[in-house]
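Enquirer: The structure is given below, and queries will be raised subsequently.
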Amino acid sequence: MSNSVQVESPLHHAQLDQLIGQSNSGGIVLHEAALLGHLNLRGNSDDAEFLAGVQEALGIALPITPCSSANSELAQIMWLAPDEWLIVVASGSEYEVEQKLRSYLKGHFAVSDISGAQTILELSGSNVVELMKKSTGYDLHLDSFPVGKVIGTTFAKAGAHILRVSEDKFQLVVRRSFSDYIWLWIQQGSQEYGLTIV
Amino acid sequence: MSQVNRIAASSKRINRNRTLTFTFNGKEYQGFEGDTVASALLANGVDVVGRSFKYSRPRGIITSDSQEPNAIFQIGSTQATTIPNPRATQTDLYHGLAASSTNGWPNVDFDLMSTVGKLGGSMMPPGFYYKTFMFPQSLWMSYEHLIRKGAGLGSSPQQADPDSYDKMHHHCDVMIVGAGPAGLAAALSAAQTGARVIISDEQNEFGGSLLCSKQQIDGELPSQWVEKTVAQLATMDNVLLLPRSTVFGYYDHNLVGINERRTDHLGENQLQSTRQRVHKVRAKQVILATGAHERPLVYGNNDVPGCMLANAVSTYINRYDVVPGNQLVLMTTNDNAYKTAIDWHQAGRKVVTIVDTRESSNGELVKKAKKLGINVIFGHAVIEVSGSKRVKGVDIAPINAVNHSVTGAAKHFPCDTVASSGGWSPVIHLSSHTGSRPVWNEDIAGFVPGETVQQQHICGGLEGVYDLSKVISAGFTTGAVAAQAAGKGEGSYAGTLPQTSDPQEDASMALFHVPHSKKTSRAPKQFVDYQNDVTAAGIELANREGFESIEHVKRYTALGFGTDQGKLGNINGMAITAKSLGKTIPETGTTIFRPMYTPTTFGALAGADVKHLFDPARFSAMHKWHLDNGAEFEDVGQWKRPWYFPKPGEAMQDALERECLATRNSVGILDASTLGKIDIQGKDAREFLNRVYTNPWSKLAVGKCRYGVMCKEDGMVFDDGVTACLEENRFIMTTTTGGAAGVLQWLELWHQTEWPELEVYFSTVTDHWSTMTISGPNSRKVLEKICDVDVSNDNFKYMDWIEAKVAGVKARIFRISFTGELSFEINVQANYGMHTWQAVMAAGEEFDITPYGTETMHILRAEKGFIIVGQDTDGSVTPQDLDMDWVVGKKKEFSFIGKRSWTRYDNKRDDRKQMVGLKPKDPNFVLPEGAQIVFEKNQSIPMTMVGHVTSSYYSACMGYSFALAVVKGGISRKGQSVFLPLSDGTTVEAEICSPVFYDPKGDRQNV
Amino acid sequence: MLHIHCPYCEEMREEEEFSPAGQAHIQRPLNPEELSDEQWARYLFFRKNPRGLHHELWLHAHGCRKYFNMTRNSVTYQIMETYKMGAKPSITASEEGQS
């Protein structure tokens, strides 16, 4: 693509880049992990050939335990359903990874590029658990929601996938069309703690 | 006025160093930090706080808690901050608080309604409102206005609330409701197992009855044990303490709703913080430790200000240093209430006498009272109070409770306060919320929680256990048992129990309604439900009129209907009903309590889901452009779609005509990103399409698109759209904007439940693509300028799709048309949507490319007779009704969804409503959408209606108005006239015609 | 608000994540064209409405997007079990002594 092509993440209009550094004391810290490659993978986790194909293509085993995730240098994989995964790869590499999957996989599977469809919001900070409690009905206690777990649930009134990155850091995978609503919700919910954009 | 009833400082609950000034009904008063509005008013000697609902009698404060039926105020100084109906007994005082009576119009001391009330006493029996105001119905609205104003249900704020509210979700092992002795003990015991514990209490501090009790625990005042226990709990990470937090509802599967009042006690406009927060707690185990409410006795004129609950009097003395009068008469059925006379005496004021309805008692408290020199009269009762705005005296007479009679002459005693106690009623409300039926416990003469399917435990007063030592020990045990049920601990409490010795008490008497020397209907009013002015006589009358079921008695008399939900009066009302019907109380039964336990503000229930956060709004990647270019928006599902793009000063109709003409004559552009898109992959994808669409898909080649209609199994159309073949085993399906989620669920439903053997996967890609449709004779010229492939008609035919680069961005272009014009639908990855849109706009500038919205889209498609599912269809329309039999596959092997239903008898009728066009006789008149259609103009009402208008517009391109409609047997009636009687009384005529008005041969889209 | 065990996510979730999808275990006739109107109408329109145990179809709409079955008491709202598509309920009304 030519250099003049403008690319805009779902929260482009919020001009988060201009808010960076404006406040450093917030109990909530927000970062948009924008413009990453997102692939939706479907397949049968009982099919050894399928699992082996994914492992060869991505260099890591597909997480098949419900609500689990896996990481490698190339990709981050989140379990969405017994036959569905989200694969997040570096910005711009989604086409290449999709082709790689298609070449390694045989039989019944599906891959869809959904890089334009969603964005990842990283929420952290000392009050992040409180903000999450305002937003989702899921039990956030570490016993129930350990690091590395990913759940499909509701965030405010929108659907979302939530991955716990560390005790006080979460990744929120949200749909593009809902992202402005989520951004407004986060601002409202963070009011009492302060919000820092990084 | 000074605080005449405030006594020397002894309570730690009141901070004398912080004087708070407040107003009540416009008059200024002072109280202290720690006061409730009620304790401050009593301290100031304010007797009358409101007027009663029906008879407009002066009313005073009766209780010190959530039972309060009279001191229900309008609180807040402005129209934005005012709240109707908080109970003064539960409202913490703050500096500058402004309260007024919600009843008593125009003011409590001189009340216009009291004239009506006094005159109307005998005119307004139970059922009065039903009997009198039911007819004529048309006047009900104005009656209601008058009744409500007179009844004093408060007034709603007239301005937007400046405060913010929110909600929080919690999960825990053990949720404890109530932080009195039982609750605190349970919390400590559960928390020590490591269980996650939440404990909430509606009061401003934990402790419940211990805050005003004098019964020592471990040799100290009970408030000191409370302090230590709370301090210990506060240090534990696994415990969440929620004071000022009312559990308003107990819901299925152990979900507890709590409203925490975070800033109400600080005053108005605490805008830096959330005013109220609703906590939704999903608990593995719930412990209800809600205690018990004291029950008043029902006697003549028992509503005169100065008549109070015995325990409330003690609470005001011990907790707030307020003695609400000078001369007390205490009437009791039990030993426990003797405390009140003792407290009163020790506060230095006069106890006129204790009237005990029992024949005798030798309990410790009785002995103590006697020892203090307090006069005690056994076997008697207060049968009547004299006074109007304050008690002036009482008539005391000997009674026989068994045959409900007065057995001797009454004697008059002057006094200004009557405290009564008829025993205690466990606070069973929450346990009832989940459907559990309370059961009568004869020993305590009260209902206790019955069987439940919840993971619920009860302890303390709620169980009918009132001895403090037993309450505390039950708390520790229950806490451990609940924790174990949640998987924590061994099920017993290992620590040492705090020591306390309970006074020995003699048995109490089960008495509810005090007899009078006259029969109930002739005696002075004996109030049961103060808030609704329900009297003992009224209940007996209802019983005589045939209302025997307690639920019917409730509805006929309004017993228990107030904001207090019958907390004070229900048991007495049931007992009176039972007595009058000659039944026992368990036979009579009880009504069921439902959420909310106490009134909860709409603000709290709405939380943060207000204004822009009320419901998610969805936006396309080009939304900012639409905003910058003056679009007006329309809600389509949750999407905000451009409706039309007015130029400065342009009216809507002018904008639509300009957009339509520009598209038909040159080129227009539409943001179609909101259409649902589903990526369908797998070797059986084609077979699946054959089964869910009405038309055949077996031969659709790669690179081709096809329009399809989906029906439900009943044969009715429910979605439509274009599906393109991307690869042999891969398709992209488009759905309507509103139907996207539903269609995906529909496909999954059939795949997961009926045809799991088909190898196919569905993934939503709606948000991945930005879609822009350029339409009109110049659309190809625009596209050619920025596209890297040949898009001529020879190379890129109607209903084909190609992959190309548009403005340097990889795109899928579909040559499909919803306007009937030459059209290209350009799809790019959404992160490039704005870039591509702007490039198309720039390329189209020389053709005056015109952005248009959903309204112009609707007009242009209607001119072509294209349906919009959900507008022209309503779930009762088959493809045949739409004259779209061409979209039905005739040779498909599989009996696809909907097919069988078309041959059902009802779907073969020839008088079904069928889709047609309508041309109004007046070419400038636009028929209202939804207008009903009749065949015969001159009919009497009700007319025989034969159809209705589904879409209707003025067409700038054709120069006349037109409509789509469904008409019975309409397809064979083309050329005939129909009539539309309109809501303004006029009738207009229209002619049935083909629904395809513009370019019927379809030449324009094929160029 | 119910608390529901998703048999695919293998844990309890809030009702908000789910949508109900009617009665469970309704099989589409294999030969719709051979059925009488009455037989077809029975499949289309007739549903049970028991007081007591009921087998229902639910969708984990905001979770794994899987349909599953639930045995629920329509009086007490207790959920006796949830189970995957294709599985049979282990608790039925007759075992509970209901008709």
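Residue numbering restarts at 1 in every chain; chains get A, B, ... in the order shown in the structure tokens, and ligands count up from 1 in that same order.
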Going by DSSP on the backbone, which residues of region 2-187 of chain A come out as strand (DSSP E)? List them as a PyMOL selection string.

Expert: chain A and resi 28-33+37-43+69-71+75-81+84-89+109-113+118-124+150-155+158-166+169-175

Enquirer: Select residues of chain C: the criterion is any atom within 12 Å of an atom of chain B, counting only C-alpha atoms; output as a ChimeraX atom specification.

Expert: /C:1-5,12-15,19-22,24-45,57-62,64-69,73,75-80,84-87

Enquirer: Within 6 Å of chain C, which residues of chain A come that close, and what is the closest atom pair and distance in Å for each? Count only C-alpha atoms and give it as a Markdown table.

Expert:
```
| residue | atom | partner | partner_atom | distance |
| --- | --- | --- | --- | --- |
| A:Pro66 | CA | C:Cys9 | CA | 5.3 |
| A:Leu80 | CA | C:Cys64 | CA | 5.7 |
| A:Ala81 | CA | C:Cys64 | CA | 4.6 |
| A:Gly152 | CA | C:Gly63 | CA | 4.2 |
| A:Thr153 | CA | C:His62 | CA | 5.2 |
| A:Gly159 | CA | C:His62 | CA | 5.6 |
```

Enquirer: Please produce an output containing N, CA and C atoms for each residue in the selection, written as a PDB file, in the first residue's frame.

Expert:
```
ATOM      1  N   PRO A  66     -10.917 -24.922  28.489  1.00  0.00           N
ATOM      2  CA  PRO A  66     -11.826 -23.771  28.442  1.00  0.00           C
ATOM      3  C   PRO A  66     -11.252 -22.545  29.153  1.00  0.00           C
ATOM      4  N   LEU A  80     -11.935 -19.116  22.849  1.00  0.00           N
ATOM      5  CA  LEU A  80     -13.236 -18.441  22.867  1.00  0.00           C
ATOM      6  C   LEU A  80     -14.371 -19.437  23.047  1.00  0.00           C
ATOM      7  N   ALA A  81     -14.170 -20.629  22.525  1.00  0.00           N
ATOM      8  CA  ALA A  81     -15.186 -21.682  22.562  1.00  0.00           C
ATOM      9  C   ALA A  81     -14.464 -22.980  22.251  1.00  0.00           C
ATOM     10  N   GLY A 152     -15.307 -14.864  27.849  1.00  0.00           N
ATOM     11  CA  GLY A 152     -16.258 -14.099  27.043  1.00  0.00           C
ATOM     12  C   GLY A 152     -17.391 -13.714  27.961  1.00  0.00           C
ATOM     13  N   THR A 153     -17.670 -12.429  28.075  1.00  0.00           N
ATOM     14  CA  THR A 153     -18.683 -11.977  29.022  1.00  0.00           C
ATOM     15  C   THR A 153     -19.223 -10.635  28.567  1.00  0.00           C
ATOM     16  N   GLY A 159     -20.751  -6.890  24.689  1.00  0.00           N
ATOM     17  CA  GLY A 159     -20.023  -8.144  24.801  1.00  0.00           C
ATOM     18  C   GLY A 159     -18.530  -7.865  24.716  1.00  0.00           C
TER      19      GLY A 159
END
```

Enquirer: With a cut-off of 9 Å and counting only C-alpha atoms, select all residues of chain A in contact with chain B and give the selection as a PyMOL selection string.

Expert: chain A and resi 1-2+4-10+13+35+40+42-43+107-118+130-141+156-158+175-182+184-185+188-189+191-192

Enquirer: Excluding same-chain residues fewer than 6 positions from Glu73 (chain A), what lies within 12 Å of it counting only C-alpha atoms, as a PyMOL selection string?

Expert: chain A and resi 58-60+88-90

Enquirer: Could you work out how far CA of Trp801 (chain B) lies from CA of Val636 (chain B), giving the answer in Å with one decimal?

Expert: 26.9 Å

Enquirer: So how many Å separate CA of Gly875 (chain B) and CA of Gly947 (chain B), to one decimal?

Expert: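 Pair CA of Gly875 (chain B) / CA of Gly947 (chain B) returns 14.9 Å.
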
Enquirer: Would you mind reading off the distance between CA of Val376 (chain B) and CA of Asp416 (chain B), one decimal, in Å?

Expert: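 The value is 17.7 Å.
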
Enquirer: Per DSSP on the backbone, filter chain A down to the residues in helix (DSSP H, G or I) and report them as a ChimeraX atom specification.

Expert: /A:12-14,16-19,48-58,94-104,128-135,176-190

Enquirer: Set the distance at 8 Å and use only C-alpha atoms: which residues neighbour Tyr707 (chain B) once local chain neighbours fewer than 2 positions away are removed? I'd like the list as an mmCIF file with C-alpha atoms, in the first residue's frame.

Expert:
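The result, stored in out30.cif:
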```
data_model
loop_
_atom_site.group_PDB
_atom_site.id
_atom_site.type_symbol
_atom_site.label_atom_id
_atom_site.label_comp_id
_atom_site.auth_asym_id
_atom_site.auth_seq_id
_atom_site.Cartn_x
_atom_site.Cartn_y
_atom_site.Cartn_z
ATOM 1 C CA CYS B 705 -23.627 -12.736 -5.802
ATOM 2 C CA VAL B 709 -34.679 -14.542 1.552
ATOM 3 C CA ASP B 720 -32.928 -10.964 3.505
ATOM 4 C CA GLY B 721 -29.665 -9.935 1.924
ATOM 5 C CA VAL B 722 -27.040 -10.711 -0.667
ATOM 6 C CA THR B 723 -24.665 -13.625 -0.311
#
```

Enquirer: Please identify all polymer residues within 12 Å of Gly930 (chain B), counting only C-alpha atoms, omitting same-chain residues fewer than 3 positions from it, and present them as a list in words.

Expert: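 Using only C-alpha atoms, the neighbours found are Gln871, Asp872, Asp874, Val926, Leu927, Ile933, Gly947, His948, Val949, Thr950, Ser951, Ser952, Ala963, Leu964, Ala965, Val966, Leu980, Pro981, Leu982 and Ser983 of chain B.
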
Enquirer: Give me the residues near Ala70 (chain A) as a list in words, where near means some atom within 8 Å (using only C-alpha atoms) and where sequence neighbours in that chain fewer than 4 positions away do not count.

Expert: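 Residues near the query, excluding close chain neighbours: Ile60, Ala61, Leu62, Pro63, Gln76, Ile77, Met78 and Gly148 of chain A.
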
Enquirer: So that I can check the surroundings of Gly178 (chain B), please list as a list of chain:residue names every protein, DNA and RNA residue that reaches within 6 Å of it, counting only C-alpha atoms and ignoring chain neighbours fewer than 4 positions away.

Expert: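 These residues fall inside the cut-off: B:Gly183, B:Ser200, B:Asp201, B:Ala289, B:Thr290.
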